[in-house]
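K.L.:
Just one file: entry.tsv, with TSV, C-alpha atoms.
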```tsv
chain	number	residue	atom	x	y	z
W	55	MET	CA	-20.56	196.74	170.80
W	56	ALA	CA	-19.01	199.38	168.55
W	57	THR	CA	-16.78	198.41	165.65
W	58	TYR	CA	-13.95	200.61	164.41
W	59	LEU	CA	-11.92	200.80	161.21
W	60	GLU	CA	-8.91	199.30	162.96
W	61	GLN	CA	-10.90	196.09	163.49
W	62	LEU	CA	-11.72	195.54	159.82
W	63	GLU	CA	-9.73	193.05	157.80
W	64	THR	CA	-8.30	194.84	154.78
W	65	PRO	CA	-8.55	195.55	151.93
W	66	VAL	CA	-12.15	196.67	152.27
W	67	PRO	CA	-14.26	199.49	150.79
W	68	VAL	CA	-15.56	202.00	153.32
W	69	VAL	CA	-18.09	204.75	152.69
W	70	ASP	CA	-18.16	208.00	154.63
W	71	LEU	CA	-21.89	208.25	155.34
W	72	ASP	CA	-21.89	212.02	155.79
W	73	ARG	CA	-20.11	212.56	152.47
W	74	LEU	CA	-22.49	210.14	150.76
W	75	ALA	CA	-25.51	212.05	152.09
W	76	HIS	CA	-24.00	215.34	150.93
W	77	ASN	CA	-23.40	213.97	147.43
W	78	LEU	CA	-26.94	212.62	147.12
W	79	ASP	CA	-28.45	215.89	148.35
W	80	ARG	CA	-26.28	218.00	146.06
W	81	MET	CA	-27.30	216.25	142.84
W	82	ALA	CA	-30.96	216.11	143.85
W	83	ALA	CA	-30.89	219.85	144.55
W	84	TYR	CA	-29.17	220.58	141.23
W	85	ALA	CA	-31.80	218.66	139.26
W	86	THR	CA	-34.65	220.34	141.13
W	87	LEU	CA	-33.15	223.80	140.72
W	88	HIS	CA	-32.88	223.43	136.95
W	89	GLY	CA	-36.08	221.50	136.35
W	90	LEU	CA	-34.31	218.34	135.21
W	91	ARG	CA	-35.59	214.81	135.65
W	92	LEU	CA	-32.99	212.86	137.64
W	93	ARG	CA	-32.64	209.22	136.62
W	94	PRO	CA	-29.38	208.19	138.31
W	95	HIS	CA	-27.29	205.31	137.01
W	96	VAL	CA	-26.93	202.51	139.55
W	97	LYS	CA	-23.75	201.09	137.99
W	98	THR	CA	-21.68	202.88	140.63
W	99	HIS	CA	-23.35	201.75	143.84
W	100	LYS	CA	-25.30	198.65	142.71
W	101	SER	CA	-27.27	198.91	145.95
W	102	PRO	CA	-31.07	199.06	146.46
W	103	ARG	CA	-30.39	200.85	149.74
W	104	ILE	CA	-28.79	203.82	148.00
W	105	ALA	CA	-31.20	203.67	145.07
W	106	ALA	CA	-34.12	203.97	147.48
W	107	GLU	CA	-32.56	207.09	148.97
W	108	GLN	CA	-32.07	208.58	145.50
W	109	LEU	CA	-35.75	207.98	144.78
W	110	ARG	CA	-36.77	209.45	148.13
W	111	LEU	CA	-34.84	212.58	147.23
W	112	GLY	CA	-36.78	213.01	143.98
W	113	ALA	CA	-35.29	210.75	141.31
W	114	ILE	CA	-38.03	209.81	138.82
W	115	GLY	CA	-36.55	206.39	138.08
W	116	LEU	CA	-33.26	204.52	137.75
W	117	THR	CA	-30.80	203.72	134.98
W	118	CYS	CA	-29.21	200.28	134.73
W	119	ALA	CA	-26.56	198.75	132.50
W	120	THR	CA	-27.17	195.07	133.22
W	121	LEU	CA	-30.22	192.87	133.64
W	122	ARG	CA	-28.86	191.87	137.04
W	123	GLU	CA	-29.04	195.51	138.08
W	124	ALA	CA	-32.56	195.86	136.70
W	125	GLU	CA	-33.79	192.73	138.51
W	126	VAL	CA	-32.38	193.90	141.83
W	127	MET	CA	-33.61	197.48	141.45
W	128	ALA	CA	-37.11	196.29	140.59
W	129	ASP	CA	-37.54	195.71	144.32
W	130	VAL	CA	-37.37	199.45	144.99
W	131	CYS	CA	-38.28	201.11	141.67
W	132	ASP	CA	-41.07	200.77	139.13
W	133	ASP	CA	-39.49	202.88	136.34
W	134	ILE	CA	-36.23	201.51	134.98
W	135	LEU	CA	-34.17	202.43	131.92
W	136	VAL	CA	-31.80	199.73	130.68
W	137	ALA	CA	-29.31	201.99	128.91
W	138	TYR	CA	-27.58	199.21	127.03
W	139	PRO	CA	-28.28	197.74	123.58
W	140	PRO	CA	-30.95	195.01	123.94
W	141	VAL	CA	-29.16	192.47	121.75
W	142	GLY	CA	-29.26	188.70	122.13
W	143	ALA	CA	-32.06	186.22	122.85
W	144	ALA	CA	-31.05	185.57	126.46
W	145	ARG	CA	-30.90	189.28	127.30
W	146	LEU	CA	-34.24	189.95	125.61
W	147	GLU	CA	-35.99	187.09	127.42
W	148	ARG	CA	-34.64	188.26	130.75
W	149	LEU	CA	-35.72	191.82	129.97
W	150	ALA	CA	-39.25	190.70	129.12
W	151	ARG	CA	-39.44	188.72	132.39
W	152	LEU	CA	-38.82	191.72	134.63
W	153	PRO	CA	-41.67	192.16	137.13
W	154	GLY	CA	-44.89	193.39	135.55
W	155	HIS	CA	-45.17	196.42	137.82
W	156	VAL	CA	-41.97	197.87	136.34
W	157	GLN	CA	-42.20	200.19	133.36
W	158	ILE	CA	-39.19	199.32	131.22
W	159	ALA	CA	-37.36	201.60	128.84
W	160	VAL	CA	-34.34	200.62	126.76
W	161	ALA	CA	-31.83	202.46	124.59
W	162	GLY	CA	-31.46	201.39	120.99
W	163	ASP	CA	-29.57	202.32	117.82
W	164	ASP	CA	-30.27	199.47	115.38
W	165	PRO	CA	-33.41	198.57	113.38
W	166	GLN	CA	-32.71	194.84	113.63
W	167	ALA	CA	-32.48	195.05	117.40
W	168	LEU	CA	-35.84	196.85	117.44
W	169	ASP	CA	-37.50	194.00	115.57
W	170	ALA	CA	-36.27	191.47	118.13
W	171	LEU	CA	-37.22	193.75	121.02
W	172	SER	CA	-40.74	194.09	119.66
W	173	VAL	CA	-41.14	190.31	119.54
W	174	ALA	CA	-39.84	189.96	123.12
W	175	ALA	CA	-42.22	192.65	124.35
W	176	ARG	CA	-45.22	190.94	122.74
W	177	LEU	CA	-44.25	187.53	124.13
W	178	GLY	CA	-43.82	189.14	127.55
W	179	HIS	CA	-47.28	190.76	127.31
W	180	ARG	CA	-45.91	194.23	127.95
W	181	HIS	CA	-45.08	197.53	126.34
W	182	ILE	CA	-41.48	198.73	126.31
W	183	ASP	CA	-40.43	202.34	125.91
W	184	VAL	CA	-37.48	202.96	123.62
W	185	MET	CA	-35.00	205.81	123.76
W	186	VAL	CA	-33.20	206.34	120.46
W	187	GLU	CA	-29.51	206.61	121.28
W	188	ALA	CA	-27.56	209.28	119.40
W	189	ASP	CA	-23.78	209.36	119.02
W	190	LEU	CA	-22.86	212.95	119.81
W	191	GLY	CA	-19.13	212.44	120.13
W	192	MET	CA	-18.43	209.41	122.31
W	193	HIS	CA	-18.26	207.10	119.24
W	194	ARG	CA	-19.30	204.06	121.22
W	195	VAL	CA	-22.96	203.42	120.44
W	196	GLY	CA	-25.76	205.49	118.94
W	197	VAL	CA	-27.11	206.43	115.51
W	198	SER	CA	-24.80	208.66	113.52
W	199	SER	CA	-27.26	211.11	111.97
W	200	PRO	CA	-30.61	212.83	112.62
W	201	GLU	CA	-32.02	211.00	109.61
W	202	LYS	CA	-31.25	207.63	111.15
W	203	ALA	CA	-32.81	208.77	114.42
W	204	VAL	CA	-36.01	209.68	112.58
W	205	ALA	CA	-36.06	206.28	110.84
W	206	MET	CA	-35.63	204.55	114.21
W	207	ALA	CA	-38.38	206.62	115.81
W	208	ARG	CA	-40.77	205.81	112.95
W	209	GLN	CA	-40.04	202.11	113.27
W	210	ILE	CA	-40.73	202.25	117.00
W	211	ASP	CA	-43.92	204.20	116.42
W	212	ARG	CA	-45.21	201.52	114.05
W	213	SER	CA	-44.76	198.74	116.60
W	214	SER	CA	-47.74	197.74	118.72
W	215	ALA	CA	-45.48	196.68	121.59
W	216	LEU	CA	-42.94	199.53	121.59
W	217	ARG	CA	-43.34	203.22	122.37
W	218	PHE	CA	-41.04	206.01	121.27
W	219	ALA	CA	-40.01	207.73	124.49
W	220	GLY	CA	-37.34	210.13	123.31
W	221	LEU	CA	-33.67	210.68	122.67
W	222	GLN	CA	-30.65	209.88	124.81
W	223	PHE	CA	-26.93	210.42	124.57
W	224	TYR	CA	-23.85	209.89	126.68
W	225	PRO	CA	-21.39	212.80	126.66
W	226	GLY	CA	-18.52	210.66	127.90
W	227	HIS	CA	-16.16	212.37	125.47
W	228	ILE	CA	-16.43	215.58	127.52
W	229	ARG	CA	-13.82	214.99	130.22
W	230	ALA	CA	-12.16	218.38	130.47
W	231	HIS	CA	-12.21	220.25	133.74
W	232	VAL	CA	-15.73	221.47	134.53
W	233	ASN	CA	-14.57	225.07	133.99
W	234	GLU	CA	-13.13	224.22	130.57
W	235	GLN	CA	-16.11	222.44	129.00
W	236	ASP	CA	-17.62	225.47	127.21
W	237	ALA	CA	-16.57	224.53	123.68
W	238	GLY	CA	-17.51	220.88	124.07
W	239	LEU	CA	-20.92	221.71	125.52
W	240	ALA	CA	-21.61	224.28	122.80
W	241	GLN	CA	-20.89	221.71	120.09
W	242	LEU	CA	-22.94	219.16	121.95
W	243	GLY	CA	-25.88	221.56	122.01
W	244	ARG	CA	-25.64	222.21	118.27
W	245	ASP	CA	-25.45	218.53	117.42
W	246	LEU	CA	-28.29	217.63	119.77
W	247	GLY	CA	-30.42	220.42	118.38
W	248	ALA	CA	-30.18	218.92	114.90
W	249	TYR	CA	-31.58	215.63	116.19
W	250	ILE	CA	-34.39	217.28	118.13
W	251	ASP	CA	-35.35	219.44	115.13
W	252	ALA	CA	-35.39	216.47	112.75
W	253	LEU	CA	-37.59	214.40	115.05
W	254	THR	CA	-39.93	217.32	115.66
W	255	ASP	CA	-40.21	218.07	111.92
W	256	ALA	CA	-41.09	214.40	111.36
W	257	GLY	CA	-43.98	214.68	113.81
W	258	LEU	CA	-42.14	212.69	116.49
W	259	PRO	CA	-40.90	215.25	119.02
W	260	PRO	CA	-38.89	213.53	121.77
W	261	ARG	CA	-40.75	213.65	125.08
W	262	ILE	CA	-37.54	212.96	126.95
W	263	VAL	CA	-34.05	214.18	126.02
W	264	SER	CA	-31.68	212.43	128.36
W	265	GLY	CA	-28.02	213.21	128.99
W	266	GLY	CA	-25.63	211.58	131.39
W	267	SER	CA	-22.17	211.31	132.94
W	268	THR	CA	-21.00	212.84	136.19
W	269	PRO	CA	-18.14	214.84	134.59
W	270	ALA	CA	-20.61	216.90	132.53
W	271	ALA	CA	-23.73	216.49	134.67
W	272	TRP	CA	-23.38	219.78	136.53
W	273	ARG	CA	-23.68	221.71	133.25
W	274	MET	CA	-26.38	219.73	131.47
W	275	HIS	CA	-28.88	222.52	132.13
W	276	GLU	CA	-26.84	224.64	129.70
W	277	VAL	CA	-27.54	222.24	126.81
W	278	PRO	CA	-30.79	223.29	125.08
W	279	GLY	CA	-33.44	220.60	124.99
W	280	VAL	CA	-32.07	218.36	127.74
W	281	ASN	CA	-34.69	217.57	130.38
W	282	GLU	CA	-33.21	214.47	132.04
W	283	VAL	CA	-29.79	213.54	133.48
W	284	ARG	CA	-28.32	210.12	134.27
W	285	PRO	CA	-25.18	210.56	136.42
W	286	GLY	CA	-23.83	207.65	138.40
W	287	THR	CA	-20.38	208.27	139.87
W	288	TYR	CA	-21.51	211.29	141.89
W	289	VAL	CA	-22.80	209.17	144.78
W	290	TYR	CA	-19.26	208.21	145.82
W	291	ASN	CA	-17.04	210.26	143.49
W	292	ASP	CA	-13.44	209.27	142.84
W	293	ARG	CA	-10.02	210.59	141.94
W	294	THR	CA	-11.08	211.33	138.36
W	295	THR	CA	-14.16	213.39	139.28
W	296	ALA	CA	-12.09	215.33	141.80
W	297	GLN	CA	-9.32	216.02	139.27
W	298	ILE	CA	-11.74	217.48	136.72
W	299	GLY	CA	-13.58	219.64	139.24
W	300	ALA	CA	-16.84	217.68	139.27
W	301	CYS	CA	-16.42	217.38	143.03
W	302	ASP	CA	-14.07	218.48	145.78
W	303	TRP	CA	-11.53	216.06	147.22
W	304	GLU	CA	-13.57	216.11	150.44
W	305	ASP	CA	-16.56	214.78	148.46
W	306	CYS	CA	-14.87	211.44	147.76
W	307	ALA	CA	-17.09	209.23	149.91
W	308	LEU	CA	-15.72	205.78	149.09
W	309	THR	CA	-12.17	204.73	149.83
W	310	VAL	CA	-10.42	201.40	149.98
W	311	LEU	CA	-9.10	200.81	153.47
W	312	ALA	CA	-5.71	199.11	153.21
W	313	THR	CA	-2.90	198.09	155.54
W	314	VAL	CA	0.81	198.83	155.13
W	315	VAL	CA	2.44	195.39	154.91
W	316	SER	CA	6.02	196.39	154.02
W	317	VAL	CA	8.28	199.43	154.34
W	318	SER	CA	11.54	197.67	153.54
W	319	VAL	CA	12.24	199.44	150.22
W	320	LYS	CA	13.38	203.04	150.56
W	321	GLY	CA	11.00	205.69	149.20
W	322	GLN	CA	7.95	203.46	149.08
W	323	ALA	CA	5.50	201.46	151.14
W	324	VAL	CA	3.49	198.40	150.17
W	325	VAL	CA	-0.19	198.00	151.01
W	326	ASP	CA	-2.47	194.98	150.72
W	327	ALA	CA	-4.66	196.57	148.02
W	328	GLY	CA	-3.64	195.61	144.50
W	329	THR	CA	-5.50	195.12	141.23
W	330	LYS	CA	-8.10	192.88	142.88
W	331	ALA	CA	-9.09	195.74	145.17
W	332	LEU	CA	-8.43	198.86	143.06
W	333	GLY	CA	-8.73	197.71	139.45
W	334	ARG	CA	-6.13	198.84	136.97
W	335	GLU	CA	-7.75	201.76	135.19
W	336	PRO	CA	-5.44	204.72	134.50
W	337	LEU	CA	-6.51	208.14	135.71
W	338	ARG	CA	-8.86	209.64	133.13
W	339	ALA	CA	-7.54	213.11	133.84
W	340	GLU	CA	-4.17	214.76	134.35
W	341	GLY	CA	-1.98	212.64	136.58
W	342	ASP	CA	-0.75	209.09	136.92
W	343	GLY	CA	-1.04	206.17	139.29
W	344	TYR	CA	-4.02	204.01	140.24
W	345	GLY	CA	-5.26	205.84	143.32
W	346	ALA	CA	-4.18	208.39	145.92
W	347	LEU	CA	-4.35	208.50	149.70
W	348	LEU	CA	-7.30	210.41	151.09
W	349	ASP	CA	-5.26	212.08	153.84
W	350	HIS	CA	-2.09	212.42	151.73
W	351	PRO	CA	-3.20	213.00	148.13
W	352	GLU	CA	0.38	213.59	147.04
W	353	VAL	CA	1.00	209.88	147.71
W	354	ILE	CA	-0.17	207.76	144.80
W	355	VAL	CA	-0.42	204.05	144.14
W	356	SER	CA	2.25	203.95	141.47
W	357	ARG	CA	2.42	200.21	140.77
W	358	MET	CA	0.33	197.14	141.53
W	359	SER	CA	0.24	193.39	141.35
W	360	GLU	CA	-2.78	191.31	142.30
W	361	GLU	CA	-2.49	191.76	146.07
W	362	HIS	CA	0.20	194.45	146.38
W	363	GLY	CA	-0.05	198.20	145.90
W	364	ILE	CA	3.10	200.32	145.86
W	365	LEU	CA	2.81	203.75	147.46
W	366	ASP	CA	5.21	206.31	146.01
W	367	LEU	CA	6.48	208.44	148.91
W	368	SER	CA	8.86	210.58	146.86
W	369	LYS	CA	6.64	213.69	146.97
W	370	SER	CA	5.70	213.47	150.64
W	371	SER	CA	7.38	213.92	154.00
W	372	TRP	CA	4.90	211.47	155.53
W	373	ARG	CA	6.28	208.05	156.31
W	374	PRO	CA	3.96	205.20	157.27
W	375	ARG	CA	4.79	202.48	159.75
W	376	LEU	CA	4.26	198.77	159.32
W	377	GLY	CA	0.64	197.96	160.14
W	378	ASP	CA	-0.70	201.49	159.56
W	379	GLN	CA	-4.04	201.75	157.82
W	380	VAL	CA	-4.52	204.09	154.85
W	381	ARG	CA	-7.60	205.05	152.85
W	382	ILE	CA	-7.14	205.05	149.08
W	383	VAL	CA	-9.31	207.09	146.72
W	384	PRO	CA	-9.54	204.96	143.57
W	385	ASN	CA	-9.24	206.32	140.04
W	386	HIS	CA	-12.59	204.82	139.03
W	387	VAL	CA	-14.93	203.95	141.87
W	388	CYS	CA	-17.45	202.00	139.76
W	389	ILE	CA	-14.91	199.25	139.10
W	390	VAL	CA	-13.89	199.06	142.76
W	391	VAL	CA	-17.45	198.56	144.00
W	392	HIS	CA	-17.88	195.66	141.59
W	393	LEU	CA	-14.84	193.91	143.09
W	394	PHE	CA	-16.34	193.54	146.58
W	395	ASP	CA	-19.29	191.71	148.11
W	396	GLU	CA	-20.15	194.36	150.69
W	397	LEU	CA	-19.45	197.91	151.81
W	398	PHE	CA	-19.00	199.39	155.27
W	399	GLY	CA	-20.56	202.72	156.23
W	400	VAL	CA	-18.46	204.82	158.61
W	401	ARG	CA	-18.46	208.09	160.49
W	402	GLY	CA	-14.99	209.02	161.61
W	403	HIS	CA	-13.40	205.75	162.71
W	404	ALA	CA	-16.68	204.16	163.80
W	405	VAL	CA	-18.30	201.55	161.57
W	406	GLU	CA	-22.04	202.19	161.68
W	407	SER	CA	-23.43	199.90	158.99
W	408	ARG	CA	-22.67	197.42	156.27
W	409	TRP	CA	-24.59	196.44	153.17
W	410	PRO	CA	-24.14	193.99	150.29
W	411	VAL	CA	-23.36	195.02	146.73
W	412	GLU	CA	-26.53	193.21	145.67
W	413	ALA	CA	-26.45	193.98	141.96
W	414	ARG	CA	-22.87	192.93	141.24
W	415	GLY	CA	-22.26	190.14	138.80
W	416	ARG	CA	-24.41	188.99	135.89
W	417	ALA	CA	-26.49	186.08	137.14
W	418	SER	CA	-30.09	186.40	138.23
W	419	ASN	CA	-30.56	187.37	141.86
W	420	ARG	CA	-33.56	185.12	142.34
W	421	GLU	CA	-35.18	182.01	140.98
W	422	ILE	CA	-37.37	183.35	138.19
W	423	GLU	CA	-40.35	181.23	137.26
W	424	ARG	CA	-39.51	179.55	133.98
W	425	ALA	CA	-43.04	179.31	132.60
W	426	PRO	CA	-42.94	179.63	128.82
W	427	LEU	CA	-43.69	183.02	127.36
W	428	GLY	CA	-47.05	182.79	125.66
W	429	PRO	CA	-47.85	183.66	122.07
W	430	ARG	CA	-50.46	186.28	122.99
W	431	ALA	CA	-49.61	189.70	121.53
W	432	VAL	CA	-49.82	192.88	123.55
```
Once more with this new file: its structure as structure tokens, please.

P.N.:
Amino acid sequence: MATYLEQLETPVPVVDLDRLAHNLDRMAAYATLHGLRLRPHVKTHKSPRIAAEQLRLGAIGLTCATLREAEVMADVCDDILVAYPPVGAARLERLARLPGHVQIAVAGDDPQALDALSVAARLGHRHIDVMVEADLGMHRVGVSSPEKAVAMARQIDRSSALRFAGLQFYPGHIRAHVNEQDAGLAQLGRDLGAYIDALTDAGLPPRIVSGGSTPAAWRMHEVPGVNEVRPGTYVYNDRTTAQIGACDWEDCALTVLATVVSVSVKGQAVVDAGTKALGREPLRAEGDGYGALLDHPEVIVSRMSEEHGILDLSKSSWRPRLGDQVRIVPNHVCIVVHLFDELFGVRGHAVESRWPVEARGRASNREIERAPLGPRAV
């Protein structure tokens, strides 16, 4: 028996399956066209189902932020980059216990962290690839100079359990419209070139030079030296990526289906999607509000409480009725996915499938054998 949107209890995230397929195909084609390795970040979808499709379309591996993500994705992928500083005994032990068939890479920017990682790799009887992270403008993580990158690479090269895999960066500071990124990308290329030259001169040329972020992903082929990209948001897209021209509005595949629960206050309507369904991240582009209606983008979610979202109708002639359903494009889709246990795949008004957000949360997804790590070195 068919199920339709009107039968779903809201708020609930729904994914337009045709738009999702288009987004996956588009990025895969871009990477192939420009000879770039595609290692998509799973932080957006957190789903082995979608990861498997990305791999089928040519992705060479996956990028994860959490050990939960890496554990779940190990079921479908044998080449995983944990692009997060490997700091802390619990994180390192969990990293070392990932299934043996998975080649692990991590990002690092600190000599002390490398020492601990080397010990964990030896105790886990495995080799771990290390990408030296460079800060090229985001000012979040990463070494601050080519000289420090060379020192890191040399330290990795001396370890019997670690292998220097290359250089990575996250150009998250480039958030201008896609057509206005020229200056930022040019500076990025100059800064990156200094790191590549220093490593090459030291006899440690980076095999992989990995860039990321959906906002700048479509122009990474213009940055000299880059041979890998790690976008994540592109699978679903959101209001931010649409605002900066990284996708069209029609490419926003995930929306939060909500119901109008009150129209009593003039000039607004209230829906049942608040902060616990949409998050509270401001728009990271020009504009305000916490989301916009897919079919009426001039209508934004102007205010929220935990279970209430206020639709501002002042710029629209459309007036909803009590009980109407609306589909909200969130500002930041990655946060929204993490708020729900499952997603519903739709075509038109028909619900065709549903799947769990398997990699959400932090805890292990399975009972991992707790046998002690042995002292044998790699």

K.L.:
Determine, counting only C-alpha atoms, which protein, DNA and RNA residues have an atom within 12 Å of an atom of Lys320 of chain W; residues of the same chain fewer than 4 positions away are not included. Present the result as a list in words.

P.N.:
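Returned residues: Ser316, Val324, Ile364, Leu365, Asp366, Leu367, Ser368, Arg373 and Pro374 of chain W.
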
K.L.:
For Glu107 of chain W, work out the shell of residues within 10 Å, counting all atoms listed in the file and skipping chain neighbours fewer than 6 positions away, then give it as a PDB file with C-alpha atoms, keeping the file's coordinate frame.

P.N.:
```pdb
ATOM      1  CA  ALA W  75     -25.510 212.050 152.090  1.00  0.00           C
ATOM      2  CA  LEU W  78     -26.940 212.620 147.120  1.00  0.00           C
ATOM      3  CA  ASP W  79     -28.450 215.890 148.350  1.00  0.00           C
ATOM      4  CA  ALA W 113     -35.290 210.750 141.310  1.00  0.00           C
ATOM      5  CA  VAL W 130     -37.370 199.450 144.990  1.00  0.00           C
TER       6      VAL W 130
END
```

K.L.:
Which residue is closest to Ala119 of chain W? Choose from W:Ala307, W:Ala413, W:Leu239, W:Val263 and count all atoms listed in the file.

P.N.:
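Answer, going by the shortest atom-to-atom distance: W:Ala413.
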
K.L.:
What does the distance from atom CA of Tyr249 of chain W to atom CA of Thr287 of chain W come to in Å, to one decimal?

P.N.:
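We find that atom CA of Tyr249 of chain W and atom CA of Thr287 of chain W lie 27.2 Å from each other.
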
K.L.:
Sorted by chain and rising residue number, list the residues of segment 128-191 of chain W at most 9 Å from segment 201-211 of chain W (counting only C-alpha atoms), each with its closest atom pair and distance in Å to one decimal, as JSON lines.

P.N.:
```
{"residue": "W:Gly162", "atom": "CA", "partner": "W:Met206", "partner_atom": "CA", "distance": 8.6}
{"residue": "W:Asp163", "atom": "CA", "partner": "W:Met206", "partner_atom": "CA", "distance": 7.4}
{"residue": "W:Asp164", "atom": "CA", "partner": "W:Met206", "partner_atom": "CA", "distance": 7.5}
{"residue": "W:Pro165", "atom": "CA", "partner": "W:Met206", "partner_atom": "CA", "distance": 6.4}
{"residue": "W:Leu168", "atom": "CA", "partner": "W:Ile210", "partner_atom": "CA", "distance": 7.3}
{"residue": "W:Asp169", "atom": "CA", "partner": "W:Gln209", "partner_atom": "CA", "distance": 8.8}
{"residue": "W:Ser172", "atom": "CA", "partner": "W:Ile210", "partner_atom": "CA", "distance": 8.6}
{"residue": "W:Asp183", "atom": "CA", "partner": "W:Ile210", "partner_atom": "CA", "distance": 8.9}
{"residue": "W:Val184", "atom": "CA", "partner": "W:Ile210", "partner_atom": "CA", "distance": 7.4}
{"residue": "W:Met185", "atom": "CA", "partner": "W:Ala207", "partner_atom": "CA", "distance": 8.7}
{"residue": "W:Val186", "atom": "CA", "partner": "W:Ala203", "partner_atom": "CA", "distance": 6.5}
{"residue": "W:Glu187", "atom": "CA", "partner": "W:Ala203", "partner_atom": "CA", "distance": 7.9}
{"residue": "W:Ala188", "atom": "CA", "partner": "W:Ala203", "partner_atom": "CA", "distance": 7.3}
```

K.L.:
Would you give me, as a Markdown table, each residue of segment 135-226 of chain W having an atom within 8 Å of an atom of segment 121-127 of chain W, along with its shortest atom pair and that distance in Å to one decimal, using only C-alpha atoms and sorting by chain and residue number?

P.N.:
```
| residue | atom | partner | partner_atom | distance |
| --- | --- | --- | --- | --- |
| W:Val136 | CA | W:Ala124 | CA | 7.2 |
| W:Arg145 | CA | W:Leu121 | CA | 7.3 |
| W:Arg148 | CA | W:Leu121 | CA | 7.0 |
| W:Leu149 | CA | W:Leu121 | CA | 6.7 |
| W:Leu152 | CA | W:Glu125 | CA | 6.4 |
```

K.L.:
Measuring between only C-alpha atoms, which one of W:Ala300, W:Ala83, W:Val156, W:Ile250 shows the shortest distance to Arg273 of chain W?

P.N.:
W:Ala300

K.L.:
Pick out the residues sitting within 12 Å of segment 330-337 of chain W, and hand them over as a ChimeraX atom specification; count only C-alpha atoms, and ignore anything fewer than 5 positions along from it in its own chain.

P.N.:
/W:64-67,229,292-298,308-312,325,342-346,354-364,381-395

K.L.:
Might I get the box with edges along x, y and z of the file that holds all atoms of segment 153-164 of chain W listed there, padded by 3 Å on every side, given as centre and edge lengths in Å to one decimal, as JSON?

P.N.:
```
{"center_x": -37.4, "center_y": 197.3, "center_z": 126.6, "size_x": 21.6, "size_y": 16.3, "size_z": 28.4}
```

K.L.:
Nearest to Val195 of chain W among W:Leu177, W:Ala161, W:Met274, W:Leu216, with distances taken over only C-alpha atoms: which residue is it?

P.N.:
W:Ala161

K.L.:
Restricting the calculation to all atoms listed in the file: of W:Glu282, W:Glu340, W:Asp302, W:Glu147, which residue gets closest to Arg93 of chain W?

P.N.:
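Ranking W:Glu282, W:Glu340, W:Asp302, W:Glu147 by distance to Arg93 of chain W, first place goes to W:Glu282.
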
K.L.:
What does the structure give for the distance between atom CA of Arg416 of chain W and atom CA of His95 of chain W, in Å to one decimal?

P.N.:
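Interatomic distance here is 16.6 Å.
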
K.L.:
Kindly indicate which residue among W:Val69, W:Met55, W:Tyr138, W:Leu62 lies nearest to Thr120 of chain W, using all atoms listed in the file for the distances.

P.N.:
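Ranking W:Val69, W:Met55, W:Tyr138, W:Leu62 by distance to Thr120 of chain W, first place goes to W:Tyr138.
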
K.L.:
Could you give me, as JSON, numbers by chain, the residues that have an atom at most 10 Å away from the point (-23.0, 216.5, 135.4) in the coordinates of the file, using all atoms listed in the file?

P.N.:
{"W": [81, 84, 85, 225, 232, 265, 266, 267, 268, 269, 270, 271, 272, 273, 274, 275, 283, 284, 285, 286, 287, 288, 300]}

K.L.:
For a quick check of understanding, using all atoms listed in the file, which of W:Gly321, W:Pro351, W:Gly112, W:Pro278 has the smallest distance to Gln241 of chain W?

P.N.:
W:Pro278

K.L.:
In Å to one decimal, how far is atom CA of His403 of chain W from atom CA of Leu376 of chain W?

P.N.:
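Spanning atom CA of Leu376 of chain W to atom CA of His403 of chain W is a straight-line distance of 19.3 Å.
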
K.L.:
Which neighbours of Glu396 of chain W fall inside 8 Å, counting only C-alpha atoms, when residues of the same chain fewer than 5 positions from it are skipped, and could you give them as a list in words?

P.N.:
Pro67, Arg408, Trp409, Pro410 and Val411 of chain W

K.L.:
Step by step: start from the point (-22.4, 207.8, 145.5) in the file's coordinates, keep every protein, DNA or RNA residue that has an atom no farther than 7 Å from it, count only C-alpha atoms, and write the set as a list in words.

P.N.:
Leu74, Asn77, Leu78, Thr98, His99, Thr287, Tyr288, Val289, Tyr290 and Asn291 of chain W
